[in-house]
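Q: Below is the file my_file_25.tsv, with TSV, C-alpha atoms.
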chain	number	residue	atom	x	y	z
A	436	MET	CA	-39.91	17.63	32.97
A	437	GLU	CA	-37.56	20.52	32.29
A	438	TRP	CA	-35.34	20.58	29.19
A	439	VAL	CA	-32.34	22.78	28.42
A	440	THR	CA	-30.19	23.50	25.37
A	441	GLN	CA	-26.57	22.42	24.97
A	442	ALA	CA	-25.39	25.98	25.60
A	443	GLU	CA	-27.34	26.12	28.87
A	444	ALA	CA	-26.02	22.71	29.86
A	445	ALA	CA	-22.45	23.87	29.18
A	446	ALA	CA	-23.01	26.93	31.41
A	447	ILE	CA	-24.39	24.72	34.21
A	448	ALA	CA	-21.55	22.19	34.03
A	449	GLY	CA	-18.82	24.77	33.41
A	450	CYS	CA	-17.44	23.08	30.32
A	451	PRO	CA	-17.36	23.83	26.55
A	452	ILE	CA	-20.42	23.18	24.39
A	453	SER	CA	-18.36	20.70	22.35
A	454	THR	CA	-17.89	18.60	25.53
A	455	ILE	CA	-21.65	18.52	26.12
A	456	ASP	CA	-22.25	17.56	22.48
A	457	TRP	CA	-19.62	14.79	22.56
A	458	HIS	CA	-20.87	13.26	25.83
A	459	SER	CA	-24.49	13.46	24.72
A	460	ARG	CA	-23.69	11.24	21.72
A	461	ARG	CA	-21.82	8.52	23.67
A	462	PRO	CA	-23.66	5.29	24.54
A	463	GLY	CA	-24.44	5.00	28.24
A	464	THR	CA	-23.92	8.71	28.84
A	465	LEU	CA	-25.23	10.53	31.88
A	466	LEU	CA	-26.98	13.05	29.64
A	467	ARG	CA	-30.49	12.12	28.55
A	468	THR	CA	-31.68	13.60	25.28
A	469	ARG	CA	-34.86	13.68	23.28
A	470	PRO	CA	-35.21	13.72	19.48
A	471	ARG	CA	-34.46	17.08	17.99
A	472	ALA	CA	-37.45	19.08	16.82
A	473	GLY	CA	-36.64	22.48	15.46
A	474	SER	CA	-34.86	24.61	18.05
A	475	ARG	CA	-36.44	23.02	21.16
A	476	PRO	CA	-34.12	22.17	24.08
A	477	THR	CA	-32.95	18.57	23.90
A	478	LEU	CA	-31.22	17.78	27.25
A	479	GLU	CA	-33.07	16.83	30.45
A	480	ARG	CA	-32.21	19.29	33.24
A	481	ALA	CA	-31.89	16.58	35.93
A	482	SER	CA	-29.36	14.64	33.84
A	483	VAL	CA	-27.42	17.86	33.23
A	484	ASP	CA	-27.16	18.43	36.99
A	485	THR	CA	-25.85	14.88	37.45
A	486	PHE	CA	-23.36	15.41	34.65
A	487	ALA	CA	-22.24	18.72	36.17
A	488	GLU	CA	-21.37	16.96	39.46
A	489	TRP	CA	-19.47	14.24	37.60
A	490	TRP	CA	-17.59	16.80	35.52
A	491	ALA	CA	-16.63	18.83	38.62
A	492	ASP	CA	-15.21	15.67	40.25
A	493	ARG	CA	-13.26	14.92	37.09
A	494	VAL	CA	-11.82	18.45	36.93
A	495	ARG	CA	-10.77	18.28	40.59
A	496	ALA	CA	-9.09	14.89	40.04
A	497	ARG	CA	-7.26	16.26	37.00
A	498	GLU	CA	-6.01	19.28	38.94
A	499	GLU	CA	-4.87	17.03	41.77
A	500	ARG	CA	-2.87	14.85	39.36
A	501	ARG	CA	-1.30	17.94	37.83
A	502	ARG	CA	-0.39	19.24	41.29
A	503	ARG	CA	1.28	15.94	42.23
A	504	LEU	CA	3.22	15.89	38.97
A	505	ASP	CA	4.40	19.46	39.53
A	506	GLU	CA	5.55	18.58	43.05
A	507	ARG	CA	7.39	15.52	41.78
A	508	ALA	CA	9.12	17.55	39.07
A	509	ALA	CA	10.11	20.15	41.64
A	510	ARG	CA	11.58	17.50	43.96
A	511	LEU	CA	13.53	15.93	41.09
A	512	ALA	CA	14.89	19.33	40.03
A	513	ALA	CA	15.93	20.01	43.61
A	514	ARG	CA	17.78	16.69	43.87
A	515	ARG	CA	19.56	17.32	40.59
A	516	ALA	CA	20.56	20.80	41.70
A	517	GLU	CA	21.88	19.44	45.01
A	518	ALA	CA	23.86	16.72	43.20
A	519	ALA	CA	25.33	19.29	40.84
A	520	HIS	CA	26.26	21.49	43.81
A	521	ARG	CA	27.99	18.62	45.61
A	522	GLY	CA	29.83	17.70	42.42
A	523	ALA	CA	30.97	21.29	41.97
A	524	ALA	CA	32.15	21.31	45.59
A	525	GLY	CA	34.34	18.27	44.95
A	526	ALA	CA	32.12	15.60	46.47
A	527	LYS	CA	32.47	12.29	44.67
A	528	VAL	CA	28.95	11.34	43.64
A	529	THR	CA	29.72	8.59	41.07
A	530	ALA	CA	32.61	7.45	38.99
A	531	GLU	CA	33.94	9.66	36.27
A	532	ALA	CA	31.99	9.70	33.01
A	533	PRO	CA	33.43	7.15	30.62
A	534	GLU	CA	34.34	7.94	27.06
A	535	GLY	CA	31.84	6.80	24.49
A	536	VAL	CA	28.90	7.66	22.26
A	537	THR	CA	25.55	8.83	23.60
A	538	THR	CA	22.31	7.10	22.67
A	539	ALA	CA	21.27	10.18	20.67
A	540	GLU	CA	24.43	10.00	18.54
A	541	ALA	CA	24.02	6.22	18.12
A	542	ALA	CA	20.40	6.73	17.06
A	543	VAL	CA	21.53	9.11	14.32
A	544	ALA	CA	24.25	6.70	13.15
A	545	LEU	CA	21.84	3.74	13.03
A	546	GLY	CA	18.84	5.69	11.74
A	547	VAL	CA	16.59	4.51	14.59
A	548	SER	CA	15.07	5.97	17.74
A	549	ARG	CA	16.87	6.31	21.08
A	550	ALA	CA	14.53	3.72	22.55
A	551	MET	CA	15.65	1.25	19.88
A	552	VAL	CA	19.29	1.99	20.74
A	553	VAL	CA	18.58	1.16	24.40
A	554	ARG	CA	16.83	-2.01	23.21
A	555	ARG	CA	19.95	-2.99	21.24
A	556	ILE	CA	22.03	-2.43	24.36
A	557	GLN	CA	19.72	-4.66	26.39
A	558	LEU	CA	19.91	-7.36	23.70
A	559	GLY	CA	23.71	-7.26	23.85
A	560	GLU	CA	24.14	-5.98	20.30
A	561	LEU	CA	25.86	-2.84	21.63
A	562	THR	CA	28.48	-2.64	24.36
A	563	ALA	CA	27.71	0.21	26.78
A	564	VAL	CA	28.08	1.32	30.40
A	565	ARG	CA	25.60	3.30	32.45
A	566	HIS	CA	26.63	6.52	34.18
A	567	ARG	CA	24.26	8.97	35.88
A	568	GLU	CA	21.12	7.69	34.16
A	569	ARG	CA	22.86	7.82	30.77
A	570	TRP	CA	24.24	5.11	28.52
A	571	TRP	CA	27.71	5.50	27.04
A	572	ILE	CA	28.29	3.23	24.06
A	573	ASP	CA	31.61	1.80	22.97
A	574	PRO	CA	32.46	3.41	19.57
A	575	SER	CA	33.92	0.19	18.16
A	576	SER	CA	30.76	-1.69	19.11
A	577	LEU	CA	28.68	0.96	17.37
A	578	GLU	CA	30.86	0.78	14.24
A	579	ASP	CA	30.48	-3.01	14.10
A	580	LEU	CA	26.70	-2.75	14.42
A	581	VAL	CA	26.52	-0.03	11.75
A	582	ALA	CA	28.54	-2.27	9.42
A	583	ARG	CA	26.22	-5.21	10.09
A	584	GLU	CA	23.12	-3.07	9.63
A	585	ALA	CA	24.47	-1.80	6.31
A	586	GLN	CA	23.94	-5.32	4.98
A	587	TRP	CA	20.18	-4.93	5.48
A	588	VAL	CA	17.72	-2.45	4.04
A	589	SER	CA	14.07	-1.66	4.62
A	590	ILE	CA	11.31	-2.76	2.27
A	591	GLY	CA	10.97	0.78	0.93
A	592	GLU	CA	14.72	1.09	0.35
A	593	ALA	CA	14.78	-2.33	-1.37
A	594	ALA	CA	11.96	-1.20	-3.67
A	595	ARG	CA	13.88	1.99	-4.51
A	596	LEU	CA	17.13	0.11	-5.24
A	597	ALA	CA	15.37	-2.54	-7.34
A	598	GLY	CA	13.25	0.02	-9.18
A	599	CYS	CA	9.95	-1.66	-8.31
A	600	THR	CA	7.03	-1.33	-5.91
A	601	ARG	CA	6.86	-2.40	-2.27
A	602	GLY	CA	4.31	-5.03	-3.28
A	603	ARG	CA	6.82	-6.57	-5.70
A	604	VAL	CA	9.39	-6.73	-2.89
A	605	LEU	CA	6.90	-8.50	-0.63
A	606	ARG	CA	6.11	-11.00	-3.39
A	607	ALA	CA	9.83	-11.63	-3.79
A	608	VAL	CA	10.05	-12.34	-0.05
A	609	THR	CA	7.13	-14.76	-0.33
A	610	ASP	CA	8.61	-16.71	-3.25
A	611	GLY	CA	12.07	-16.82	-1.64
A	612	THR	CA	13.88	-14.44	-3.99
A	613	LEU	CA	14.69	-12.13	-1.05
A	614	SER	CA	15.86	-13.04	2.44
A	615	GLN	CA	14.08	-11.32	5.33
A	616	ARG	CA	14.85	-11.27	9.05
A	617	PRO	CA	11.88	-10.86	11.39
A	618	GLY	CA	11.34	-8.18	13.97
A	619	THR	CA	13.44	-5.35	12.48
A	620	ARG	CA	12.76	-2.36	10.27
A	621	ALA	CA	15.75	-3.04	7.98
A	622	SER	CA	14.86	-6.63	7.19
A	623	ILE	CA	15.85	-7.25	3.55
A	624	ALA	CA	19.33	-8.55	2.72
A	625	ARG	CA	21.05	-5.92	0.60
A	626	GLY	CA	22.93	-8.58	-1.40
A	627	ASP	CA	19.64	-10.07	-2.61
A	628	VAL	CA	18.33	-6.73	-3.89
A	629	ASP	CA	20.66	-6.92	-6.93
A	630	ALA	CA	19.12	-10.26	-7.89
A	631	LEU	CA	15.66	-8.74	-7.56
A	632	ARG	CA	16.68	-5.77	-9.70
A	633	ARG	CA	17.91	-8.11	-12.47
A	634	LEU	CA	14.68	-10.11	-12.20
A	635	VAL	CA	12.60	-6.93	-12.44
A	636	ASP	CA	14.64	-5.80	-15.47
A	637	ASP	CA	14.01	-9.16	-17.16
A	638	GLU	CA	10.30	-8.92	-16.42
A	639	ARG	CA	10.15	-5.43	-17.89
A	640	ALA	CA	12.10	-6.55	-20.97
A	641	ALA	CA	9.70	-9.48	-21.46
A	642	ALA	CA	6.72	-7.16	-21.03
A	643	GLU	CA	8.24	-4.79	-23.60
A	644	ARG	CA	8.74	-7.66	-26.05
A	645	ARG	CA	5.14	-8.74	-25.58
A	646	ARG	CA	3.98	-5.18	-26.13
A	647	ARG	CA	5.96	-4.87	-29.35
A	648	ALA	CA	4.71	-8.23	-30.58
A	649	ALA	CA	1.14	-7.16	-29.87
A	650	GLU	CA	1.72	-3.90	-31.71
A	651	ALA	CA	3.21	-5.79	-34.66
A	652	ALA	CA	0.24	-8.17	-34.71
A	653	GLU	CA	-2.17	-5.26	-34.53
A	654	SER	CA	-0.29	-3.53	-37.33
A	655	ALA	CA	-0.41	-6.70	-39.40
A	656	ARG	CA	-4.13	-7.07	-38.82
A	657	ALA	CA	-4.60	-3.52	-40.01
A	658	ALA	CA	-2.44	-4.06	-43.11
A	659	GLY	CA	-3.99	-3.80	-46.57
A	660	PRO	CA	-4.11	-6.35	-49.44
A	661	PRO	CA	-0.92	-7.87	-50.88
A	662	ASP	CA	-0.82	-5.65	-54.00
A	663	ALA	CA	-2.78	-3.15	-56.03
A	664	GLU	CA	-2.71	-5.08	-59.34
A	665	HIS	CA	-5.54	-7.40	-58.38
A	666	ARG	CA	-8.76	-7.11	-56.52
A	667	TRP	CA	-8.64	-8.81	-53.13
A	668	TYR	CA	-11.31	-9.94	-50.69
A	669	THR	CA	-11.09	-10.66	-46.99
A	670	THR	CA	-12.35	-13.90	-45.47
A	671	GLU	CA	-15.57	-12.24	-44.36
A	672	GLN	CA	-16.19	-10.69	-47.78
A	673	ALA	CA	-15.51	-14.01	-49.53
A	674	ALA	CA	-17.91	-15.77	-47.18
A	675	GLY	CA	-20.62	-13.28	-48.11
A	676	LEU	CA	-20.10	-13.88	-51.83
A	677	LEU	CA	-19.98	-17.67	-51.44
A	678	GLY	CA	-23.00	-17.74	-49.17
A	679	CYS	CA	-21.24	-19.59	-46.35
A	680	SER	CA	-19.62	-18.82	-43.02
A	681	SER	CA	-16.18	-17.30	-42.43
A	682	GLY	CA	-15.14	-20.51	-40.69
A	683	TRP	CA	-15.98	-22.52	-43.82
A	684	VAL	CA	-13.85	-20.18	-45.93
A	685	ARG	CA	-10.92	-20.56	-43.50
A	686	LEU	CA	-11.34	-24.34	-43.67
A	687	MET	CA	-11.20	-24.28	-47.49
A	688	VAL	CA	-8.09	-22.12	-47.31
A	689	ALA	CA	-6.48	-24.52	-44.84
A	690	GLN	CA	-7.32	-27.48	-47.07
A	691	GLU	CA	-5.94	-25.56	-50.09
A	692	ARG	CA	-9.30	-25.76	-51.87
A	693	LEU	CA	-9.31	-21.99	-52.07
A	694	PRO	CA	-5.99	-20.18	-52.72
A	695	ALA	CA	-5.24	-17.28	-50.41
A	696	THR	CA	-2.36	-14.95	-49.60
A	697	ARG	CA	-1.60	-14.26	-45.95
A	698	VAL	CA	-0.50	-10.79	-44.85
A	699	GLY	CA	0.22	-10.66	-41.16
A	700	ALA	CA	-2.73	-12.26	-39.39
A	701	ARG	CA	-5.20	-11.90	-42.27
A	702	ASN	CA	-5.92	-14.03	-45.37
A	703	TRP	CA	-6.59	-12.22	-48.66
A	704	ILE	CA	-8.37	-14.01	-51.52
A	705	ARG	CA	-7.82	-12.83	-55.07
A	706	GLU	CA	-10.88	-12.09	-57.14
A	707	GLY	CA	-9.98	-14.58	-59.89
A	708	HIS	CA	-9.64	-17.46	-57.44
A	709	LEU	CA	-12.87	-16.47	-55.76
A	710	LEU	CA	-14.72	-16.35	-59.09
A	711	GLN	CA	-13.36	-19.77	-59.96
A	712	ARG	CA	-14.68	-21.11	-56.67
A	713	ILE	CA	-18.04	-19.45	-57.24
A	714	GLY	CA	-18.23	-20.93	-60.74
A	715	ALA	CA	-17.27	-24.40	-59.53
A	716	GLN	CA	-19.82	-24.16	-56.77
A	717	ALA	CA	-22.51	-23.04	-59.25
A	718	PHE	CA	-21.61	-25.92	-61.60
A	719	LEU	CA	-21.91	-28.47	-58.80
A	720	GLU	CA	-25.22	-27.03	-57.71
A	721	ALA	CA	-26.55	-27.14	-61.32
A	722	ALA	CA	-25.40	-30.73	-61.77
A	723	ALA	CA	-27.08	-31.76	-58.55
A	724	HIS	CA	-30.25	-30.01	-59.59
A	725	ALA	CA	-30.18	-31.77	-63.02
A	726	GLU	CA	-29.89	-35.15	-61.35
A	727	GLU	CA	-32.91	-34.37	-59.23
A	728	ILE	CA	-35.11	-33.53	-62.27
A	729	THR	CA	-33.84	-36.24	-64.68
A	730	PRO	CA	-36.67	-38.79	-65.29
A	731	PRO	CA	-35.90	-42.42	-64.53
Take the structure from the file and write it as structure tokens.

A:
Amino acid sequence: MEWVTQAEAAAIAGCPISTIDWHSRRPGTLLRTRPRAGSRPTLERASVDTFAEWWADRVRAREERRRRLDERAARLAARRAEAAHRGAAGAKVTAEAPEGVTTAEAAVALGVSRAMVVRRIQLGELTAVRHRERWWIDPSSLEDLVAREAQWVSIGEAARLAGCTRGRVLRAVTDGTLSQRPGTRASIARGDVDALRRLVDDERAAAERRRRAAEAAESARAAGPPDAEHRWYTTEQAAGLLGCSSGWVRLMVAQERLPATRVGARNWIREGHLLQRIGAQAFLEAAAHAEEITPP
């Protein structure tokens, strides 16, 4: 079995090497390959010959299509030239061109493609007449449509006017804040965009208030003791001295069994009050111990 390289296959088929490479990778291709091993040839010569015949047929078909298209274009150009000659000679080919706006001018005014302008004509949204394969649009009809379209904006334009993201606009459409008409590029009611902008401003103001409150709380948590005249202990430090948990200290503070001063989000316990609690706790423990060792 004879094998050839991609370059040799390209020379046999009369096509670029990239074409051979692309067709050799496609499933069900005419080219049969073997696993690469170093620089050995990888394409079977018989399959390359079959591919070369198929490629030659494809090239001939492509050239034939191009030839037919060129002939058709030449015939159309000849007909147009003949019609122009008859018109210049005074022959009445069609009615006189009406006054109006071309589809290209209407496309610029509406901000859409010419195909969309023709679609609007077919839907009856624009009044137009056809003359010599061209549409002529009534200017008043175009002005009315431009005025109606001005009441609608695209999703991107709505996001820009409201000062938010496109995703926020789509969420507003989902929850009913914005009205949307289907099937058009400018689908958001311009009058509703102001309501969305106010809603977005309120959301940002609320987020700013939450941020400031969080900063204030963080600042309060980082604040120091109430004064410098006394020695103060935090809840955790007091729990360590009392030999209990921080939750137990907070419970005693809540039940007013241990005086504390609150600064922001933190309780501060003065040293004197803490010593009193330690002494009372030691007294109770000593009394309990004495009861245990007192003889009956």

Q: If we count only C-alpha atoms, what is near segment 712-729 of chain A at a cut-off of 10 Å, once residues fewer than 2 positions away on the same chain are taken out, given as a compact mmCIF listing (two decimals) with C-alpha atoms, in the frame of the given file?

A:
# COMPACT_ATOMS: atom_id res chain seq x y z
CA ALA A 673 -15.51 -14.01 -49.53
CA LEU A 676 -20.10 -13.88 -51.83
CA LEU A 677 -19.98 -17.67 -51.44
CA GLY A 678 -23.00 -17.74 -49.17
CA ARG A 692 -9.30 -25.76 -51.87
CA LEU A 693 -9.31 -21.99 -52.07
CA PRO A 694 -5.99 -20.18 -52.72
CA GLU A 706 -10.88 -12.09 -57.14
CA GLY A 707 -9.98 -14.58 -59.89
CA HIS A 708 -9.64 -17.46 -57.44
CA LEU A 709 -12.87 -16.47 -55.76
CA LEU A 710 -14.72 -16.35 -59.09
CA PRO A 731 -35.90 -42.42 -64.53

Q: Figure out the distance between atom CA of Glu578 of chain A and atom CA of Ala593 of chain A, please, to one decimal in Å.

A: 22.6 Å

Q: Find the residues with any atom within 10 Å of (14.2, -9.9, -0.4); use only C-alpha atoms and the coordinates as given in the file, and write the answer as a ChimeraX atom specification.

A: /A:587-590,593-594,603-616,622-631

Q: Can you work out the spacing between atom CA of Gly675 of chain A and atom CA of Met687 of chain A in Å, to one decimal?

A: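 Atom-to-atom, atom CA of Gly675 of chain A to atom CA of Met687 of chain A, that is 14.5 Å.
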
Q: At what distance in Å, to one decimal, does atom CA of Leu465 of chain A lie from atom CA of Arg495 of chain A?

A: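 Taking atom CA of Arg495 of chain A as the start and atom CA of Leu465 of chain A as the end point, the length is 18.6 Å.
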
Q: Taking 2 positions as the minimum chain separation for residues in the same chain, which residues sit within 10 Å of Val553 of chain A when counting all atoms listed in the file? Answer as a VMD selection string.

A: chain A and resid 538 541 to 542 548 to 551 555 to 561 563 570 572

Q: Counting only C-alpha atoms, which residue out of A:Val439, A:Ala512, A:Val494, A:Ile704 sits closest to Ser482 of chain A?

A: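 Selected residue with least distance to Ser482 of chain A: A:Val439.
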
Q: At a cut-off of 12 Å, using only C-alpha atoms, what residues contact Ala582 of chain A? Leave out same-chain residues fewer than 5 positions from it and give the result as a list in words.

A: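 Neighbouring residues, sequence-local ones excluded: Ala544, Leu545, Ser575, Ser576, Leu577 and Trp587 of chain A.
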
Q: Excluding same-chain residues fewer than 4 positions from Pro661 of chain A, what lies within 12 Å of it counting only C-alpha atoms, as a short mmCIF file (atom, residue, chain, number, x, y, z; two decimals) with C-alpha atoms, in the frame of the given file?

A:
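The resulting part15.cif:
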data_model
loop_
_atom_site.label_atom_id
_atom_site.label_comp_id
_atom_site.auth_asym_id
_atom_site.auth_seq_id
_atom_site.Cartn_x
_atom_site.Cartn_y
_atom_site.Cartn_z
CA ALA A 655 -0.41 -6.70 -39.40
CA HIS A 665 -5.54 -7.40 -58.38
CA ARG A 666 -8.76 -7.11 -56.52
CA TRP A 667 -8.64 -8.81 -53.13
CA TYR A 668 -11.31 -9.94 -50.69
CA THR A 669 -11.09 -10.66 -46.99
CA ALA A 695 -5.24 -17.28 -50.41
CA THR A 696 -2.36 -14.95 -49.60
CA ARG A 697 -1.60 -14.26 -45.95
CA VAL A 698 -0.50 -10.79 -44.85
CA GLY A 699 0.22 -10.66 -41.16
CA ARG A 701 -5.20 -11.90 -42.27
CA ASN A 702 -5.92 -14.03 -45.37
CA TRP A 703 -6.59 -12.22 -48.66
CA ILE A 704 -8.37 -14.01 -51.52
CA ARG A 705 -7.82 -12.83 -55.07
#
